[in-house]
file model_5.tsv (TSV, C-alpha atoms and all ligand atoms)
chain	number	residue	atom	x	y	z
A	1	MET	CA	107.78	96.31	104.49
A	2	ILE	CA	109.30	97.25	101.12
A	3	GLU	CA	112.59	95.50	101.94
A	4	ARG	CA	110.67	92.35	102.83
A	5	PHE	CA	108.65	92.60	99.60
A	6	ILE	CA	111.81	92.91	97.49
A	7	ALA	CA	113.42	89.98	99.32
A	8	SER	CA	110.31	87.89	98.62
A	9	CYS	CA	110.43	88.86	94.93
A	10	ARG	CA	114.12	87.90	94.81
A	11	GLU	CA	113.24	84.54	96.31
A	12	ALA	CA	110.37	84.09	93.80
A	13	MET	CA	112.84	84.61	90.94
A	14	THR	CA	114.64	81.40	91.92
A	15	GLY	CA	111.44	79.36	91.40
A	16	THR	CA	109.95	77.93	88.23
A	17	ASP	CA	106.89	80.19	88.14
A	18	ALA	CA	108.38	83.56	89.07
A	19	GLU	CA	105.85	85.62	87.12
A	20	ARG	CA	102.83	84.15	88.95
A	21	CYS	CA	104.57	84.29	92.34
A	22	VAL	CA	105.54	87.93	91.87
A	23	ARG	CA	101.97	88.74	90.87
A	24	GLU	CA	100.74	87.22	94.14
A	25	LEU	CA	103.36	89.16	96.09
A	26	VAL	CA	102.36	92.45	94.42
A	27	ALA	CA	98.66	91.72	95.01
A	28	GLU	CA	99.40	91.00	98.67
A	29	LEU	CA	101.46	94.19	98.99
A	30	VAL	CA	98.85	96.54	97.52
A	31	SER	CA	96.04	94.87	99.46
A	32	ALA	CA	97.18	97.28	102.19
A	33	PRO	CA	97.53	100.38	99.98
A	34	GLY	CA	97.66	102.85	102.86
A	35	ALA	CA	100.55	100.99	104.47
A	36	VAL	CA	102.50	100.98	101.19
A	37	ALA	CA	101.95	104.73	100.78
A	38	ALA	CA	103.09	105.32	104.35
A	39	ALA	CA	106.17	103.14	103.87
A	40	LEU	CA	107.23	104.90	100.67
A	41	GLY	CA	106.33	108.43	101.76
A	42	GLU	CA	105.02	111.31	99.67
A	43	PRO	CA	106.86	111.70	96.35
A	44	GLU	CA	108.46	115.08	95.79
A	45	ARG	CA	107.75	114.87	92.09
A	46	ALA	CA	106.20	112.75	89.39
A	47	GLY	CA	108.46	110.10	87.95
A	48	LEU	CA	109.94	106.80	88.94
A	49	VAL	CA	112.13	105.75	91.83
A	50	ILE	CA	114.28	102.64	91.56
A	51	LEU	CA	113.65	100.42	94.58
A	52	HIS	CA	115.63	97.48	93.20
A	53	ARG	CA	117.62	96.90	90.03
A	54	ALA	CA	119.24	93.63	89.00
A	55	PRO	CA	119.72	91.85	85.64
A	56	ASP	CA	116.67	89.64	86.30
A	57	LEU	CA	114.41	91.91	88.37
A	58	THR	CA	113.55	95.61	88.61
A	59	VAL	CA	111.18	97.15	91.14
A	60	LEU	CA	110.05	100.72	90.44
A	61	ASP	CA	107.87	103.11	92.43
A	62	PHE	CA	105.87	105.15	89.90
A	63	ALA	CA	104.19	108.49	90.57
A	64	TRP	CA	102.02	109.54	87.62
A	65	ALA	CA	101.33	113.29	87.56
A	66	PRO	CA	97.66	114.39	87.71
A	67	TRP	CA	95.89	113.85	84.35
A	68	MET	CA	99.11	112.59	82.79
A	69	CYS	CA	98.98	110.61	79.52
A	70	PHE	CA	101.91	108.36	78.79
A	71	LYS	CA	102.83	107.22	75.26
A	72	PRO	CA	102.35	103.64	74.00
A	73	HIS	CA	105.41	101.49	74.67
A	74	ASP	CA	106.48	97.90	75.19
A	75	HIS	CA	108.76	96.37	77.83
A	76	ARG	CA	110.37	93.25	76.23
A	77	MET	CA	109.96	91.46	79.58
A	78	TRP	CA	107.01	90.46	81.74
A	79	SER	CA	105.85	92.90	84.38
A	80	VAL	CA	103.40	93.19	87.24
A	81	VAL	CA	101.64	96.44	88.13
A	82	GLY	CA	100.10	97.08	91.55
A	83	ILE	CA	98.29	100.34	92.39
A	84	TYR	CA	98.40	101.72	95.92
A	85	SER	CA	96.94	105.19	95.39
A	86	GLY	CA	94.77	106.81	92.72
A	87	ARG	CA	93.90	105.21	89.38
A	88	GLU	CA	95.85	104.00	86.35
A	89	ASP	CA	93.90	103.54	83.10
A	90	ASN	CA	95.71	101.19	80.75
A	91	LEU	CA	95.03	101.14	77.03
A	92	PHE	CA	96.34	98.01	75.27
A	93	TRP	CA	97.46	98.04	71.64
A	94	ARG	CA	98.20	95.48	68.94
A	95	ARG	CA	100.51	95.78	65.98
A	96	THR	CA	99.15	96.36	62.48
A	97	PRO	CA	101.42	96.16	59.41
A	98	ASP	CA	102.61	99.77	59.75
A	99	ARG	CA	101.52	101.01	63.19
A	100	ILE	CA	99.32	99.96	66.13
A	101	GLU	CA	95.61	99.94	66.90
A	102	ALA	CA	93.75	99.97	70.22
A	103	ALA	CA	92.84	96.46	71.38
A	104	GLY	CA	91.51	96.76	74.91
A	105	ALA	CA	91.57	98.64	78.17
A	106	ARG	CA	91.79	98.04	81.88
A	107	SER	CA	91.29	100.54	84.66
A	108	LEU	CA	93.26	99.79	87.83
A	109	GLY	CA	92.57	101.35	91.24
A	110	ALA	CA	94.17	101.12	94.66
A	111	GLY	CA	94.53	97.47	95.65
A	112	ASP	CA	94.49	96.15	92.05
A	113	ALA	CA	97.37	94.13	90.61
A	114	THR	CA	97.79	92.76	87.11
A	115	THR	CA	100.40	91.02	84.96
A	116	LEU	CA	101.50	92.37	81.60
A	117	GLY	CA	102.99	89.81	79.20
A	118	ARG	CA	106.41	90.38	77.70
A	119	ASP	CA	105.08	91.54	74.31
A	120	ILE	CA	102.28	93.75	75.57
A	121	ILE	CA	102.05	97.31	74.25
A	122	HIS	CA	100.29	99.75	76.54
A	123	SER	CA	99.76	103.44	77.21
A	124	VAL	CA	98.76	104.87	80.57
A	125	VAL	CA	96.45	107.66	81.67
A	126	ASN	CA	96.10	109.03	85.17
A	127	PRO	CA	92.46	110.17	84.92
A	128	ILE	CA	92.34	112.06	88.24
A	129	GLY	CA	93.60	115.37	89.61
A	130	LYS	CA	96.10	113.91	92.06
A	131	MET	CA	99.12	111.70	91.68
A	132	THR	CA	98.57	108.01	91.01
A	133	ARG	CA	101.09	105.74	92.66
A	134	ALA	CA	102.03	102.25	91.60
A	135	ILE	CA	104.61	99.54	92.14
A	136	HIS	CA	105.87	98.11	88.84
A	137	VAL	CA	107.94	94.92	88.93
A	138	TYR	CA	109.78	93.77	85.78
A	139	GLY	CA	111.22	90.33	85.10
A	140	GLY	CA	114.53	91.77	83.91
A	141	ASP	CA	116.60	94.93	84.00
A	142	PHE	CA	114.05	97.60	83.02
A	143	PHE	CA	116.85	99.95	81.90
A	144	ALA	CA	118.64	97.34	79.77
A	145	PRO	CA	115.99	95.17	78.04
A	146	PRO	CA	117.19	92.04	76.20
A	147	THR	CA	116.16	93.65	72.89
A	148	PRO	CA	115.76	97.40	72.35
A	149	ARG	CA	112.37	98.63	73.56
A	150	SER	CA	109.93	100.49	71.30
A	151	GLU	CA	107.54	103.34	71.80
A	152	TRP	CA	104.90	104.65	69.43
A	153	ASP	CA	104.27	108.26	68.46
A	154	PRO	CA	101.05	109.12	70.34
A	155	GLU	CA	99.71	111.09	67.37
A	156	THR	CA	100.67	108.96	64.37
A	157	LEU	CA	100.96	105.61	66.22
A	158	VAL	CA	104.14	104.86	64.26
A	159	GLU	CA	106.85	102.80	65.99
A	160	ARG	CA	110.13	104.38	67.04
A	161	PRO	CA	112.95	103.49	69.47
A	162	TRP	CA	112.23	104.00	73.19
A	163	ASP	CA	113.55	107.38	74.32
A	164	MET	CA	114.30	107.65	78.05
A	165	ASP	CA	115.11	111.37	77.87
A	166	ASP	CA	111.74	112.03	76.23
A	167	THR	CA	110.18	109.95	79.01
A	168	ARG	CA	111.77	112.12	81.71
A	169	ARG	CA	110.59	115.24	79.84
A	170	LEU	CA	107.00	113.89	79.70
A	171	PHE	CA	106.95	113.46	83.49
A	172	ALA	CA	108.38	116.96	84.06
A	173	GLU	CA	105.89	118.57	81.65
A	174	ALA	CA	102.93	116.72	83.13
A	175	GLU	CA	103.94	117.80	86.60
A	176	ALA	CA	104.36	121.44	85.51
A	177	ARG	CA	100.93	121.41	83.84
A	178	ALA	CA	99.31	120.00	86.96
A	179	ALA	CA	101.02	122.63	89.15
A	180	THR	CA	99.78	125.38	86.81
A	181	ALA	CA	96.24	124.00	86.91
A	182	ARG	CA	96.31	123.88	90.72
A	183	SER	CA	97.59	127.44	91.11
A	184	GLY	CA	95.11	128.77	88.54
A	185	HIS	CA	97.85	130.74	86.82
A	186	PRO	CA	98.90	130.20	83.21
A	201	FE	FE	104.80	100.28	80.79
call {"tool": "encode", "arguments": {"input": "model_5.tsv", "output": "structure tokens", "more": "lines below"}}
Ligand SMILES: [Fe+2]
result
Amino acid sequence: MIERFIASCREAMTGTDAERCVRELVAELVSAPGAVAAALGEPERAGLVILHRAPDLTVLDFAWAPWMCFKPHDHRMWSVVGIYSGREDNLFWRRTPDRIEAAGARSLGAGDATTLGRDIIHSVVNPIGKMTRAIHVYGGDFFAPPTPRSEWDPETLVERPWDMDDTRRLFAEAEARAATARSGHP
């Protein structure tokens, strides 16, 4: 199922309207959320798994830890998000002269798919006490964007360079916090 999905995305990339085609493919995929979850299996930990990586296309399987908040960031390439378990609350931001300000929000649940434009700035909250799982497709190499990606300090909302190590740490900390909350021990 996943192999077929990736092959279809690869084929879509050869067309003139790849972004719209990929959105339709993601929407079709997550319209059977239980089947996607079964195909990908239970994640051992929060974080992202690379399902496909090429210069023009990246497919990631995201597992947001329970109640995790993820810092504002941009992608420098279009992307499509499809949720197959849980809920992903997206906050959208716009630039001001010296930082960013909140500009909108969209809550996505299992079966929802949406496109994010190449310049979008968003932050993500998993508002529930279990992992939220999502397929994220990017119209480029997520790990090598055409121009360096930015993130914004969640407290001051000031721009800074994207930090992948900090990103890995955020996932690990969120997972540890959720495990502590579940066990009832500090
Ligand atoms: Fe993102």
call {"tool": "closest_residue", "arguments": {"input": "model_5.tsv", "among": "A:Phe5, A:Phe143, A:Phe70, A:Phe171", "to": "ligand FE 201 (chain A)", "atoms": "only C-alpha atoms and all ligand atoms"}}
result
A:Phe70
call {"tool": "closest_atom_pairs", "arguments": {"input": "model_5.tsv", "of": "chain A", "to": "ligand FE 201 (chain A)", "cutoff": "12 Å", "atoms": "all atoms listed in the file", "output": "Markdown table"}}
result
| residue | atom | partner | partner_atom | distance |
| --- | --- | --- | --- | --- |
| A:Leu48 | CA | A:FE201 | FE | 11.6 |
| A:Leu60 | CA | A:FE201 | FE | 11.0 |
| A:Phe62 | CA | A:FE201 | FE | 10.4 |
| A:Trp64 | CA | A:FE201 | FE | 11.8 |
| A:Cys69 | CA | A:FE201 | FE | 11.9 |
| A:Phe70 | CA | A:FE201 | FE | 8.8 |
| A:Lys71 | CA | A:FE201 | FE | 9.1 |
| A:Pro72 | CA | A:FE201 | FE | 8.0 |
| A:His73 | CA | A:FE201 | FE | 6.3 |
| A:Asp74 | CA | A:FE201 | FE | 6.3 |
| A:His75 | CA | A:FE201 | FE | 6.3 |
| A:Arg76 | CA | A:FE201 | FE | 10.1 |
| A:Met77 | CA | A:FE201 | FE | 10.3 |
| A:Trp78 | CA | A:FE201 | FE | 10.1 |
| A:Ser79 | CA | A:FE201 | FE | 8.3 |
| A:Val80 | CA | A:FE201 | FE | 9.7 |
| A:Val81 | CA | A:FE201 | FE | 8.9 |
| A:Glu88 | CA | A:FE201 | FE | 11.2 |
| A:Asp89 | CA | A:FE201 | FE | 11.6 |
| A:Asn90 | CA | A:FE201 | FE | 9.1 |
| A:Leu91 | CA | A:FE201 | FE | 10.5 |
| A:Phe92 | CA | A:FE201 | FE | 10.4 |
| A:Trp93 | CA | A:FE201 | FE | 11.9 |
| A:Thr115 | CA | A:FE201 | FE | 11.1 |
| A:Leu116 | CA | A:FE201 | FE | 8.6 |
| A:Gly117 | CA | A:FE201 | FE | 10.7 |
| A:Arg118 | CA | A:FE201 | FE | 10.5 |
| A:Asp119 | CA | A:FE201 | FE | 10.9 |
| A:Ile120 | CA | A:FE201 | FE | 8.7 |
| A:Ile121 | CA | A:FE201 | FE | 7.7 |
| A:His122 | CA | A:FE201 | FE | 6.2 |
| A:Ser123 | CA | A:FE201 | FE | 6.9 |
| A:Val124 | CA | A:FE201 | FE | 7.6 |
| A:Val125 | CA | A:FE201 | FE | 11.2 |
| A:Ala134 | CA | A:FE201 | FE | 11.3 |
| A:Ile135 | CA | A:FE201 | FE | 11.4 |
| A:His136 | CA | A:FE201 | FE | 8.4 |
| A:Val137 | CA | A:FE201 | FE | 10.2 |
| A:Tyr138 | CA | A:FE201 | FE | 9.6 |
| A:Phe142 | CA | A:FE201 | FE | 9.9 |
| A:Arg149 | CA | A:FE201 | FE | 10.6 |
| A:Ser150 | CA | A:FE201 | FE | 10.8 |
| A:Glu151 | CA | A:FE201 | FE | 9.9 |
| A:Trp162 | CA | A:FE201 | FE | 11.3 |
| A:Thr167 | CA | A:FE201 | FE | 11.2 |
call {"tool": "axis_aligned_box", "arguments": {"input": "model_5.tsv", "around": "region 10-26 of chain A", "padding_each_side": "3 Å", "output": "AutoDock Vina command-line options"}}
result
--center_x 107.7 --center_y 85.2 --center_z 91.7 --size_x 19.9 --size_y 20.5 --size_z 15.2
call {"tool": "closest_residue", "arguments": {"input": "model_5.tsv", "among": "A:Asp112, A:Asp153, A:Glu19, A:Glu101", "to": "Leu57 (chain A)", "atoms": "all atoms listed in the file"}}
result
A:Glu19
call {"tool": "closest_residue", "arguments": {"input": "model_5.tsv", "among": "A:Thr96, A:Ala113, A:Gly140, A:Ala105", "to": "Glu24 (chain A)", "atoms": "all atoms listed in the file"}}
result
A:Ala113
call {"tool": "atom_distance", "arguments": {"input": "model_5.tsv", "atom1": "CA of Ala37 (chain A)", "atom2": "CA of Gly82 (chain A)"}}
result
12.1 Å
call {"tool": "closest_residue", "arguments": {"input": "model_5.tsv", "among": "A:Ala7, A:Ile100, A:Ala110, A:Ala63", "to": "Leu40 (chain A)", "atoms": "only C-alpha atoms"}}
result
A:Ala63
